[in-house]
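Source file my_file13.txt; content: compact mmCIF, C-alpha atoms and all ligand atoms.
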```txt
# COMPACT_ATOMS: atom_id res chain seq x y z
CA MET A 485 -101.79 25.85 32.64
CA THR A 486 -105.21 24.46 33.41
CA SER A 487 -106.74 27.97 33.24
CA ILE A 488 -105.09 28.64 29.88
CA ALA A 489 -106.36 25.30 28.53
CA ILE A 490 -109.92 26.06 29.74
CA MET A 491 -109.80 29.58 28.21
CA GLN A 492 -108.52 28.16 24.93
CA GLU A 493 -111.35 25.61 24.92
CA TYR A 494 -113.96 28.32 25.54
CA SER A 495 -112.53 30.71 22.97
CA THR A 496 -112.66 27.93 20.33
CA SER A 497 -116.27 27.20 21.26
CA LEU A 498 -117.14 30.91 21.13
CA ARG A 499 -115.47 31.33 17.72
CA TYR A 500 -117.36 28.30 16.40
CA ALA A 501 -120.68 29.59 17.83
CA LEU A 502 -120.13 33.05 16.27
CA GLN A 503 -119.25 31.49 12.91
CA MET A 504 -122.44 29.44 13.02
CA LEU A 505 -124.43 32.53 13.97
CA PHE A 506 -123.08 34.54 11.01
CA TRP A 507 -123.67 31.62 8.68
CA ASP A 508 -127.26 31.20 9.92
CA VAL A 509 -127.96 34.94 9.58
CA ARG A 510 -126.59 34.88 6.01
CA GLN A 511 -128.67 31.79 5.20
CA ALA A 512 -131.80 33.37 6.73
CA GLY A 513 -131.26 36.46 4.54
CA LYS A 514 -130.88 34.26 1.45
CA CYS A 515 -134.07 32.33 2.31
CA VAL A 516 -136.03 35.57 2.72
CA THR A 517 -134.73 36.79 -0.70
CA ASP A 518 -135.68 33.46 -2.34
CA ILE A 519 -139.18 33.60 -0.85
CA LYS A 520 -139.55 37.21 -2.06
CA VAL A 521 -138.52 36.19 -5.60
CA LEU A 522 -141.03 33.33 -5.46
CA TYR A 523 -143.86 35.70 -4.52
CA GLU A 524 -142.76 38.24 -7.13
CA THR A 525 -143.09 35.68 -9.92
CA ALA A 526 -146.85 35.87 -9.33
CA ASN A 527 -146.69 39.49 -10.54
CA ILE A 528 -144.81 38.72 -13.77
CA GLN A 529 -146.91 39.97 -16.65
CA ASN A 530 -148.03 37.23 -19.04
CA GLN A 531 -146.76 38.13 -22.52
CA ILE A 532 -149.75 36.33 -24.00
CA VAL A 533 -152.66 38.75 -24.02
CA ASP A 534 -155.92 37.09 -22.99
CA GLY A 535 -158.94 37.20 -25.32
CA THR A 536 -162.56 37.87 -24.45
CA VAL A 537 -164.51 35.16 -26.28
CA GLU A 538 -165.39 31.99 -24.33
CA TYR A 539 -164.69 28.67 -26.08
CA PRO A 540 -166.93 27.11 -27.29
CA ARG A 541 -168.87 30.16 -28.32
CA PRO A 542 -172.44 30.08 -26.91
CA THR A 543 -173.88 31.07 -30.28
CA ASP A 544 -171.44 29.00 -32.25
CA ASP A 545 -171.93 28.80 -35.98
CA ALA A 546 -169.25 26.13 -36.07
CA ASP A 547 -170.32 22.64 -35.03
CA THR A 548 -167.97 21.90 -32.13
CA SER A 549 -169.48 18.46 -31.47
CA LYS A 550 -166.86 16.89 -33.76
CA GLY A 551 -163.89 18.74 -32.27
CA ILE A 552 -161.89 21.89 -32.93
CA ASP A 553 -161.42 23.17 -36.47
CA ILE A 554 -157.86 24.44 -37.00
CA GLU A 555 -156.35 26.58 -39.69
CA LEU A 556 -152.88 28.08 -40.05
CA ARG A 557 -152.88 30.91 -42.60
CA ASN A 558 -149.47 31.92 -43.97
CA VAL A 559 -147.87 31.57 -40.55
CA SER A 560 -144.23 32.59 -40.13
CA PHE A 561 -142.78 32.39 -36.65
CA ALA A 562 -139.45 32.99 -34.93
CA TYR A 563 -138.88 32.26 -31.24
CA PRO A 564 -138.35 35.42 -29.15
CA GLY A 565 -134.66 36.31 -29.07
CA ASP A 566 -133.76 33.51 -31.50
CA LYS A 567 -130.64 34.34 -33.50
CA ALA A 568 -131.18 31.62 -36.13
CA GLU A 569 -131.13 32.81 -39.74
CA GLU A 570 -134.29 30.93 -40.68
CA ASN A 571 -137.64 31.19 -38.89
CA ALA A 572 -138.94 28.12 -37.03
CA LEU A 573 -142.03 28.26 -39.29
CA ARG A 574 -141.99 29.76 -42.78
CA ASP A 575 -145.24 30.65 -44.49
CA VAL A 576 -147.13 27.62 -43.20
CA SER A 577 -150.69 27.18 -44.40
CA LEU A 578 -152.76 24.14 -43.51
CA ARG A 579 -156.20 23.12 -42.32
CA ILE A 580 -157.14 20.36 -39.90
CA PRO A 581 -160.94 19.99 -40.08
CA ALA A 582 -162.89 19.27 -36.87
CA GLY A 583 -162.78 15.60 -35.90
CA SER A 584 -159.76 14.75 -38.05
CA LEU A 585 -156.81 12.65 -37.02
CA ALA A 586 -153.73 14.55 -38.18
CA VAL A 587 -150.17 13.28 -38.00
CA ILE A 588 -147.22 15.67 -38.26
CA VAL A 589 -143.97 14.07 -39.38
CA GLY A 590 -140.63 15.31 -40.66
CA ALA A 591 -136.94 15.62 -39.86
CA ASN A 592 -135.59 17.15 -36.63
CA GLY A 593 -136.06 20.90 -36.36
CA GLY A 594 -138.74 20.86 -39.06
CA GLY A 595 -141.20 22.87 -36.96
CA LYS A 596 -143.55 20.08 -35.77
CA SER A 597 -143.52 20.95 -32.06
CA THR A 598 -143.68 24.67 -32.86
CA ILE A 599 -147.10 24.15 -34.47
CA ILE A 600 -148.34 22.49 -31.25
CA LYS A 601 -146.89 25.33 -29.13
CA LEU A 602 -148.73 27.92 -31.24
CA LEU A 603 -151.99 25.98 -30.90
CA ALA A 604 -151.50 25.87 -27.12
CA ARG A 605 -150.74 29.62 -27.22
CA MET A 606 -147.42 29.19 -25.48
CA TYR A 607 -146.32 31.74 -28.10
CA ASP A 608 -148.19 34.06 -30.42
CA VAL A 609 -147.58 34.77 -34.07
CA ALA A 610 -146.37 38.39 -34.51
CA PRO A 611 -148.83 40.80 -36.16
CA GLY A 612 -148.55 40.61 -39.94
CA SER A 613 -146.97 37.13 -39.85
CA GLY A 614 -150.11 35.12 -40.53
CA ALA A 615 -152.89 33.77 -38.33
CA VAL A 616 -153.84 30.72 -36.29
CA VAL A 617 -157.58 30.33 -36.65
CA ILE A 618 -159.75 28.21 -34.32
CA ASP A 619 -163.32 27.52 -35.37
CA GLY A 620 -163.23 30.53 -37.68
CA LEU A 621 -161.83 33.06 -35.17
CA PRO A 622 -158.22 34.16 -34.55
CA ILE A 623 -156.89 32.15 -31.61
CA GLN A 624 -156.07 35.38 -29.71
CA ASP A 625 -159.79 36.21 -29.49
CA TYR A 626 -160.53 33.34 -27.08
CA THR A 627 -159.92 33.43 -23.34
CA LEU A 628 -156.88 31.29 -22.52
CA ALA A 629 -158.68 29.45 -19.72
CA SER A 630 -161.66 28.36 -21.83
CA LEU A 631 -159.48 27.32 -24.75
CA ARG A 632 -157.08 25.31 -22.60
CA GLN A 633 -160.03 23.60 -20.91
CA ALA A 634 -160.86 22.18 -24.31
CA TYR A 635 -157.30 20.87 -24.85
CA ALA A 636 -155.43 17.79 -23.70
CA LEU A 637 -151.68 17.93 -24.34
CA LEU A 638 -149.52 14.87 -24.08
CA THR A 639 -145.80 15.48 -24.53
CA GLN A 640 -142.54 13.72 -23.80
CA ASP A 641 -141.94 15.78 -20.64
CA HIS A 642 -142.90 13.25 -17.99
CA GLN A 643 -144.07 15.73 -15.38
CA LEU A 644 -144.95 14.00 -12.11
CA PHE A 645 -145.74 15.99 -8.99
CA PRO A 646 -144.82 15.16 -5.38
CA LEU A 647 -148.28 13.75 -4.73
CA ALA A 648 -149.85 10.29 -4.56
CA LEU A 649 -150.04 8.46 -7.91
CA ALA A 650 -153.85 8.72 -7.72
CA GLU A 651 -153.56 12.49 -7.48
CA ASN A 652 -151.00 12.62 -10.26
CA ILE A 653 -153.53 10.94 -12.55
CA GLY A 654 -156.53 12.74 -11.04
CA LEU A 655 -155.02 16.17 -11.81
CA GLY A 656 -156.33 15.68 -15.34
CA TYR A 657 -159.76 16.38 -13.85
CA PRO A 658 -159.10 18.30 -10.59
CA GLU A 659 -162.76 18.30 -9.52
CA LYS A 660 -162.67 14.47 -9.48
CA VAL A 661 -159.23 14.03 -7.94
CA ASP A 662 -160.77 11.89 -5.17
CA ASP A 663 -162.81 9.67 -7.47
CA ARG A 664 -160.80 6.45 -7.30
CA GLU A 665 -163.05 4.64 -9.79
CA MET A 666 -162.49 7.29 -12.48
CA ILE A 667 -158.78 7.31 -11.70
CA MET A 668 -158.53 3.53 -12.05
CA GLN A 669 -160.39 3.68 -15.38
CA ALA A 670 -157.95 6.36 -16.58
CA ALA A 671 -155.02 4.22 -15.35
CA ARG A 672 -156.33 1.23 -17.33
CA ASP A 673 -156.71 3.37 -20.46
CA GLY A 674 -153.28 4.94 -20.04
CA GLY A 675 -151.62 1.55 -19.54
CA ALA A 676 -150.66 2.23 -15.90
CA ALA A 677 -152.94 -0.26 -14.12
CA GLU A 678 -150.34 -3.02 -14.04
CA LEU A 679 -147.73 -0.59 -12.77
CA LEU A 680 -149.99 0.56 -9.91
CA SER A 681 -150.54 -3.01 -8.79
CA LYS A 682 -146.76 -3.36 -8.35
CA PHE A 683 -146.77 -1.01 -5.36
CA LYS A 684 -147.76 -2.10 -1.88
CA ASP A 685 -149.78 1.11 -1.46
CA GLY A 686 -151.17 1.02 -5.04
CA VAL A 687 -152.54 4.38 -6.20
CA GLU A 688 -151.75 5.91 -2.82
CA THR A 689 -148.00 5.54 -3.42
CA ASN A 690 -146.09 8.80 -3.34
CA LEU A 691 -142.99 8.64 -5.54
CA GLU A 692 -141.52 11.96 -4.49
CA PRO A 693 -142.34 12.79 -0.88
CA VAL A 694 -141.36 16.42 -0.35
CA THR A 695 -140.45 16.00 3.31
CA THR A 696 -137.43 14.12 4.47
CA ALA A 697 -138.07 13.11 8.02
CA TYR A 698 -135.53 12.62 10.76
CA GLY A 699 -136.19 10.55 13.82
CA TYR A 700 -133.71 10.61 16.69
CA GLN A 701 -133.31 7.73 19.13
CA LEU A 702 -136.72 6.29 18.35
CA ASP A 703 -137.63 3.21 20.27
CA ASP A 704 -138.98 0.34 18.13
CA ASP A 705 -141.90 -0.45 20.46
CA LYS A 706 -142.60 2.93 22.01
CA HIS A 707 -142.54 4.96 18.78
CA LYS A 708 -143.99 2.39 16.38
CA THR A 709 -146.66 4.69 14.89
CA LEU A 710 -144.26 7.60 14.53
CA LYS A 711 -141.71 5.34 12.84
CA THR A 712 -144.36 4.16 10.35
CA VAL A 713 -145.24 7.78 9.46
CA LEU A 714 -141.56 8.70 9.09
CA GLY A 715 -141.01 5.62 6.91
CA LYS A 716 -143.76 6.75 4.53
CA LEU A 717 -142.14 10.17 4.14
CA GLU A 718 -138.88 8.65 2.93
CA LYS A 719 -138.49 8.17 -0.81
CA THR A 720 -138.11 4.49 -1.50
CA THR A 721 -139.65 4.04 -4.93
CA GLU A 722 -138.55 4.89 -8.43
CA VAL A 723 -140.19 4.29 -11.79
CA SER A 724 -138.70 4.12 -15.28
CA GLY A 725 -139.17 6.71 -18.05
CA GLY A 726 -141.72 4.48 -19.80
CA GLU A 727 -143.65 3.93 -16.58
CA LYS A 728 -143.74 7.69 -15.94
CA GLN A 729 -145.07 8.13 -19.46
CA ARG A 730 -147.87 5.66 -18.71
CA LEU A 731 -148.85 7.69 -15.63
CA VAL A 732 -148.84 10.93 -17.60
CA SER A 733 -150.87 9.28 -20.39
CA SER A 734 -153.39 8.16 -17.76
CA ARG A 735 -153.73 11.79 -16.71
CA ALA A 736 -154.69 12.63 -20.31
CA PHE A 737 -157.38 9.92 -20.23
CA MET A 738 -158.62 11.35 -16.92
CA ARG A 739 -158.87 14.68 -18.73
CA PHE A 740 -161.05 13.09 -21.41
CA GLN A 741 -163.56 12.25 -18.67
CA THR A 742 -164.31 15.99 -18.22
CA GLY A 743 -166.28 15.65 -21.46
CA LYS A 744 -164.89 19.06 -22.53
CA ILE A 745 -161.87 17.98 -24.56
CA LYS A 746 -162.12 19.01 -28.21
CA LEU A 747 -158.44 18.81 -29.15
CA LEU A 748 -155.78 16.28 -28.24
CA CYS A 749 -152.19 17.12 -29.14
CA VAL A 750 -149.73 14.30 -28.71
CA ASP A 751 -146.11 15.38 -29.18
CA GLU A 752 -143.87 12.32 -29.47
CA PRO A 753 -144.92 10.84 -26.13
CA SER A 754 -144.05 7.31 -27.06
CA SER A 755 -140.27 7.63 -27.27
CA ALA A 756 -139.98 6.12 -23.79
CA LEU A 757 -142.52 3.36 -24.45
CA ASP A 758 -141.78 -0.13 -25.71
CA PRO A 759 -143.40 -1.02 -29.08
CA LYS A 760 -146.30 -2.87 -27.41
CA GLY A 761 -146.92 0.04 -25.01
CA GLU A 762 -146.84 2.52 -27.89
CA PHE A 763 -149.19 0.44 -30.02
CA GLU A 764 -151.70 0.04 -27.18
CA LEU A 765 -151.52 3.75 -26.24
CA PHE A 766 -152.23 4.87 -29.80
CA GLU A 767 -155.04 2.33 -30.12
CA ARG A 768 -156.71 3.56 -26.93
CA LEU A 769 -156.28 7.20 -27.88
CA ARG A 770 -157.83 6.50 -31.26
CA ALA A 771 -160.70 4.68 -29.53
CA ALA A 772 -161.41 7.88 -27.55
CA ARG A 773 -161.56 9.90 -30.76
CA ALA A 774 -165.28 10.76 -30.83
CA GLY A 775 -165.87 14.52 -30.51
CA LYS A 776 -162.17 15.38 -30.74
CA THR A 777 -159.65 16.57 -33.25
CA MET A 778 -156.42 14.67 -32.73
CA ILE A 779 -152.91 15.75 -33.71
CA PHE A 780 -149.96 13.41 -33.31
CA VAL A 781 -146.35 14.49 -33.76
CA THR A 782 -144.26 11.42 -34.37
CA HIS A 783 -141.01 10.13 -35.82
CA ARG A 784 -142.32 6.58 -35.91
CA PHE A 785 -144.24 5.74 -39.02
CA GLY A 786 -146.61 2.81 -39.04
CA HIS A 787 -150.18 2.14 -38.10
CA LEU A 788 -150.72 5.76 -36.96
CA THR A 789 -149.85 7.38 -40.29
CA LYS A 790 -152.00 4.79 -42.05
CA HIS A 791 -155.01 5.81 -39.95
CA ALA A 792 -154.42 9.54 -40.47
CA ASP A 793 -156.97 11.64 -42.32
CA ILE A 794 -154.21 14.10 -43.02
CA ILE A 795 -150.42 13.82 -42.81
CA ILE A 796 -148.41 17.03 -42.60
CA CYS A 797 -144.80 16.48 -43.57
CA MET A 798 -142.62 19.35 -42.31
CA LYS A 799 -139.15 20.21 -43.54
CA ALA A 800 -137.03 23.18 -42.37
CA GLY A 801 -140.05 25.13 -41.12
CA LYS A 802 -142.15 24.62 -44.24
CA VAL A 803 -144.94 22.23 -45.16
CA ALA A 804 -143.14 19.92 -47.58
CA GLU A 805 -146.14 17.68 -48.33
CA LEU A 806 -149.74 17.30 -47.23
CA GLY A 807 -152.14 14.40 -47.79
CA THR A 808 -153.05 10.85 -46.80
CA HIS A 809 -150.53 8.01 -46.53
CA GLN A 810 -151.54 6.65 -49.94
CA GLU A 811 -151.36 10.08 -51.59
CA LEU A 812 -147.94 10.88 -50.12
CA MET A 813 -146.54 7.44 -50.96
CA ALA A 814 -147.75 7.94 -54.54
CA LEU A 815 -145.94 11.33 -54.59
CA ASP A 816 -142.71 9.47 -53.86
CA GLY A 817 -141.20 12.57 -52.22
CA GLU A 818 -140.06 13.53 -48.70
CA TYR A 819 -142.69 11.45 -46.81
CA ALA A 820 -142.12 8.36 -48.96
CA SER A 821 -138.37 8.59 -48.50
CA LEU A 822 -138.69 8.92 -44.67
CA TYR A 823 -141.20 6.06 -44.64
CA ASN A 824 -138.99 3.80 -46.73
CA VAL A 825 -135.95 4.41 -44.51
CA GLN A 826 -137.93 3.05 -41.56
CA ALA A 827 -139.57 0.26 -43.52
CA GLN A 828 -136.16 -1.00 -44.63
CA ALA A 829 -135.06 -1.20 -41.01
CA PHE A 830 -137.61 -3.95 -40.42
CA THR A 831 -136.57 -7.42 -41.37
CA ALA A 832 -139.22 -9.86 -42.56
CA ALA A 833 -139.09 -11.54 -39.14
CA GLU A 834 -139.78 -8.25 -37.35
CA VAL A 835 -142.71 -7.52 -39.63
CA ARG A 836 -144.11 -10.98 -38.85
CA SER A 837 -143.77 -10.46 -35.09
CA PHE A 838 -145.39 -7.01 -35.39
CA PHE A 839 -148.44 -8.57 -37.02
CA VAL A 840 -148.52 -11.31 -34.38
CA LEU A 841 -148.52 -8.50 -31.78
CA ILE A 842 -151.42 -6.73 -33.51
CA HIS A 843 -153.25 -10.05 -33.73
CA VAL A 844 -152.76 -10.84 -30.03
CA THR A 845 -153.71 -7.31 -28.95
CA GLU A 846 -156.85 -7.40 -31.09
CA ARG A 847 -157.84 -10.78 -29.62
CA LEU A 848 -157.30 -9.50 -26.10
CA ARG A 849 -159.41 -6.45 -26.92
CA LEU A 850 -162.26 -8.63 -28.24
CA LEU A 851 -161.99 -10.89 -25.20
CA ASP A 852 -162.14 -7.82 -22.95
CA LYS A 853 -165.25 -6.61 -24.81
CA CYS A 854 -166.89 -10.03 -24.42
CA MET A 855 -166.24 -10.01 -20.69
CA VAL A 856 -167.69 -6.51 -20.37
CA ILE A 857 -170.91 -7.47 -22.14
CA GLY A 858 -171.06 -10.75 -20.25
CA CYS A 859 -170.34 -13.30 -23.00
CA THR A 860 -168.26 -16.37 -22.36
N1 LIG B 901 -137.56 27.64 -27.42
C1 LIG B 901 -136.91 27.83 -28.56
N2 LIG B 901 -136.14 28.92 -28.76
C2 LIG B 901 -135.48 29.12 -29.92
N3 LIG B 901 -135.55 28.28 -30.97
C3 LIG B 901 -136.28 27.18 -30.83
C4 LIG B 901 -137.00 26.89 -29.62
N4 LIG B 901 -137.65 25.72 -29.78
C5 LIG B 901 -137.37 25.30 -31.02
N5 LIG B 901 -136.56 26.16 -31.66
C6 LIG B 901 -136.05 26.06 -33.03
O1 LIG B 901 -137.16 26.06 -33.91
C7 LIG B 901 -136.97 25.13 -34.96
C8 LIG B 901 -138.16 24.16 -35.01
O2 LIG B 901 -138.15 23.42 -33.79
P1 LIG B 901 -139.26 22.33 -33.43
O3 LIG B 901 -139.02 21.93 -32.03
O4 LIG B 901 -140.58 22.86 -33.80
O5 LIG B 901 -138.86 21.18 -34.44
P2 LIG B 901 -139.39 19.67 -34.48
O6 LIG B 901 -139.75 19.39 -35.90
O7 LIG B 901 -140.42 19.42 -33.46
O8 LIG B 901 -138.03 18.92 -34.12
P3 LIG B 901 -137.77 17.49 -33.41
O9 LIG B 901 -138.17 16.44 -34.39
O10 LIG B 901 -136.29 17.52 -33.21
O11 LIG B 901 -138.53 17.46 -32.12
C9 LIG B 901 -135.64 24.46 -34.70
O12 LIG B 901 -134.67 25.07 -35.54
C10 LIG B 901 -135.34 24.74 -33.26
O13 LIG B 901 -133.97 24.88 -33.04
```

Can the structure in the file be given as structure tokens, please?
Amino acid sequence: MTSIAIMQEYSTSLRYALQMLFWDVRQAGKCVTDIKVLYETANIQNQIVDGTVEYPRPTDDADTSKGIDIELRNVSFAYPGDKAEENALRDVSLRIPAGSLAVIVGANGGGKSTIIKLLARMYDVAPGSGAVVIDGLPIQDYTLASLRQAYALLTQDHQLFPLALAENIGLGYPEKVDDREMIMQAARDGGAAELLSKFKDGVETNLEPVTTAYGYQLDDDKHKTLKTVLGKLEKTTEVSGGEKQRLVSSRAFMRFQTGKIKLLCVDEPSSALDPKGEFELFERLRAARAGKTMIFVTHRFGHLTKHADIIICMKAGKVAELGTHQELMALDGEYASLYNVQAQAFTAAEVRSFFVLIHVTERLRLLDKCMVIGCT
């Protein structure tokens, strides 16, 4: 009986070991396939054909010191494979002169983000469907790398990487990713300085460590250093959507410090920010306006549209109206109706508190200036 029991025990162990072996072999095969797929993605042909002209052109007739000059000429655009009956953009013509502050507004699905995607050359307009013209040349003529070096894009996708916060901000200017002073300046501009001070490790905090570490039977005294290292590898911190947005905005300000940015596209980045955060972000972006064309896509009307040199009001893929805030309000059309819907949502008390907020922010800004120049 004892022999049978021992044999049974061993046969169970053997079956278990064989099962594990087969499972491991299958897993190993799957890992090798995944790695192969990963390497093969490097060979995927980019559908966007690169141009040959470096931006800015060395013998530029256009004056790029003010920013990028943008023109859309009779642009119609449908997303690849899209089955929708109407194109995303339908015969859109507009011009955003170098150095302007443009605001694109309009109802959902109007084509606002599509304009930004075409400017970033995430997609190209099909031949015969109009042209996107940058400083007088079709956008396809420029090399992608040189054009994108002149862009800063700020969207609502809060993309943080599994790196230290300093590096997440510093990626805006990879050559200066170790320059803590520049990073702190960018963090102040992007509204993330207060957030950084919340963490024990400040800018060195890593929100998403990629390694999960396991320590087995570690002795508190004997393995103190090892335990500290393992502790750092464990994810313990989380930030809110608005806080992530502040970090990503700081990266955009870091990008400004390259001195090469000629176009800033801001696609509804403030949806996660509180009203004060949004107001301060827009104010600081506007303050960095020199030498740049700025395009804001927004659903929130207010101080931004009032500062705009040009407002583009999109509706169902077409430009419904084009002009300044005063001109479009006088038209009493699509823009005015969208504006009034939002204005009505504010009670008198809210309007009062908004102006108090502006007042306080302005006073803080002046105080800040005084401290910088050494006044008391
Ligand atoms: N990747 C895509 N593939 C197919 N269709 C798309 C894609 N992205 C957008 N669209 C369609 O293109 C049209 C314009 O979309 P777009 O995102 O430009 O609008 P929007 O004005 O920015 O809208 P919202 O205010 O909702 O952000 C919409 O009908 C949308 O469904």

Practice item. Go through the chains and note each residue within 8 Å of ligand LIG 901 (chain B), using all atoms listed in the file, then give the set as a PyMOL selection string. Key: chain A and resi 562-568+570-573+589-599+752+781-783+798-801

Revision key, fill the gap. Students should find that CA of Pro542 (chain A) and CA of Gly620 (chain A) are spaced 14.2 Å

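Excluding Leu747 (chain A) and any residue on its chain fewer than 4 positions from it, the residues at most 8 Å away by only C-alpha atoms are Gly551, Ile552, Ala634, Tyr635, Ala636, Lys776, Thr777, Met778 and Ile779 of chain A.
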
Exercise for review: For Ala774 (chain A), list every protein, DNA or RNA residue within 9 Å, evaluated using only C-alpha atoms, and leave out those in the same chain fewer than 6 positions away; present the list as a ChimeraX atom specification.
Suggested key: /A:549-551,583

Review point. Can you tell me how far CA of Ser577 (chain A) sits from CA of Val825 (chain A), in Å to one decimal?
Key: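 CA of Val825 (chain A) lies 27.1 Å from CA of Ser577 (chain A).
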
Exercise for review: Could you check which of A:Asp673, A:Glu727, A:Glu555, A:Asp619 is closest to Tyr539 (chain A), using all atoms listed in the file?
Suggested key: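 Answer, going by the shortest atom-to-atom distance: A:Asp619.
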
Exercise for review: Choose the residue, out of A:Met666, A:Leu788, A:Ile653, A:Val516, that has the smallest atom-to-atom separation from Phe766 (chain A); count all atoms listed in the file.
Suggested key: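 So, comparing all the options, the nearest one is A:Leu788.
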
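Restricting the calculation to only C-alpha atoms, the smallest distance between Phe561 (chain A) and any of A:Lys802, A:Thr627, A:Pro622, A:Glu818 is found for A:Lys802.
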
Review point. Between A:Val723, A:Ala670, A:Val803, A:Leu621, which has the minimum distance to Thr742 (chain A) (counting all atoms listed in the file)?
Key: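 Among the listed residues, the smallest separation from Thr742 (chain A) belongs to A:Ala670.
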
Review point. What gap, in Å, lies between CA of Lys746 (chain A) and CA of Cys797 (chain A)?
Key: 23.3 Å

**Study point:** Exercise: Val616 (chain A) partners within 8 Å, all atoms listed in the file, chain neighbours under 2 positions left out, as a list of chain:residue names
**Key:**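 Surrounding residues, per the criterion: A:Ile554, A:Glu555, A:Leu556, A:Arg557, A:Val559, A:Leu602, A:Leu603, A:Val609, A:Gly614, A:Ile618, A:Pro622, A:Ile623.
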
Exercise for review: Write out as a ChimeraX atom specification which residues come within 6 Å of region 688-692 of chain A when counting only C-alpha atoms, dropping same-chain ones fewer than 5 positions away.
Suggested key: /A:646-649,721
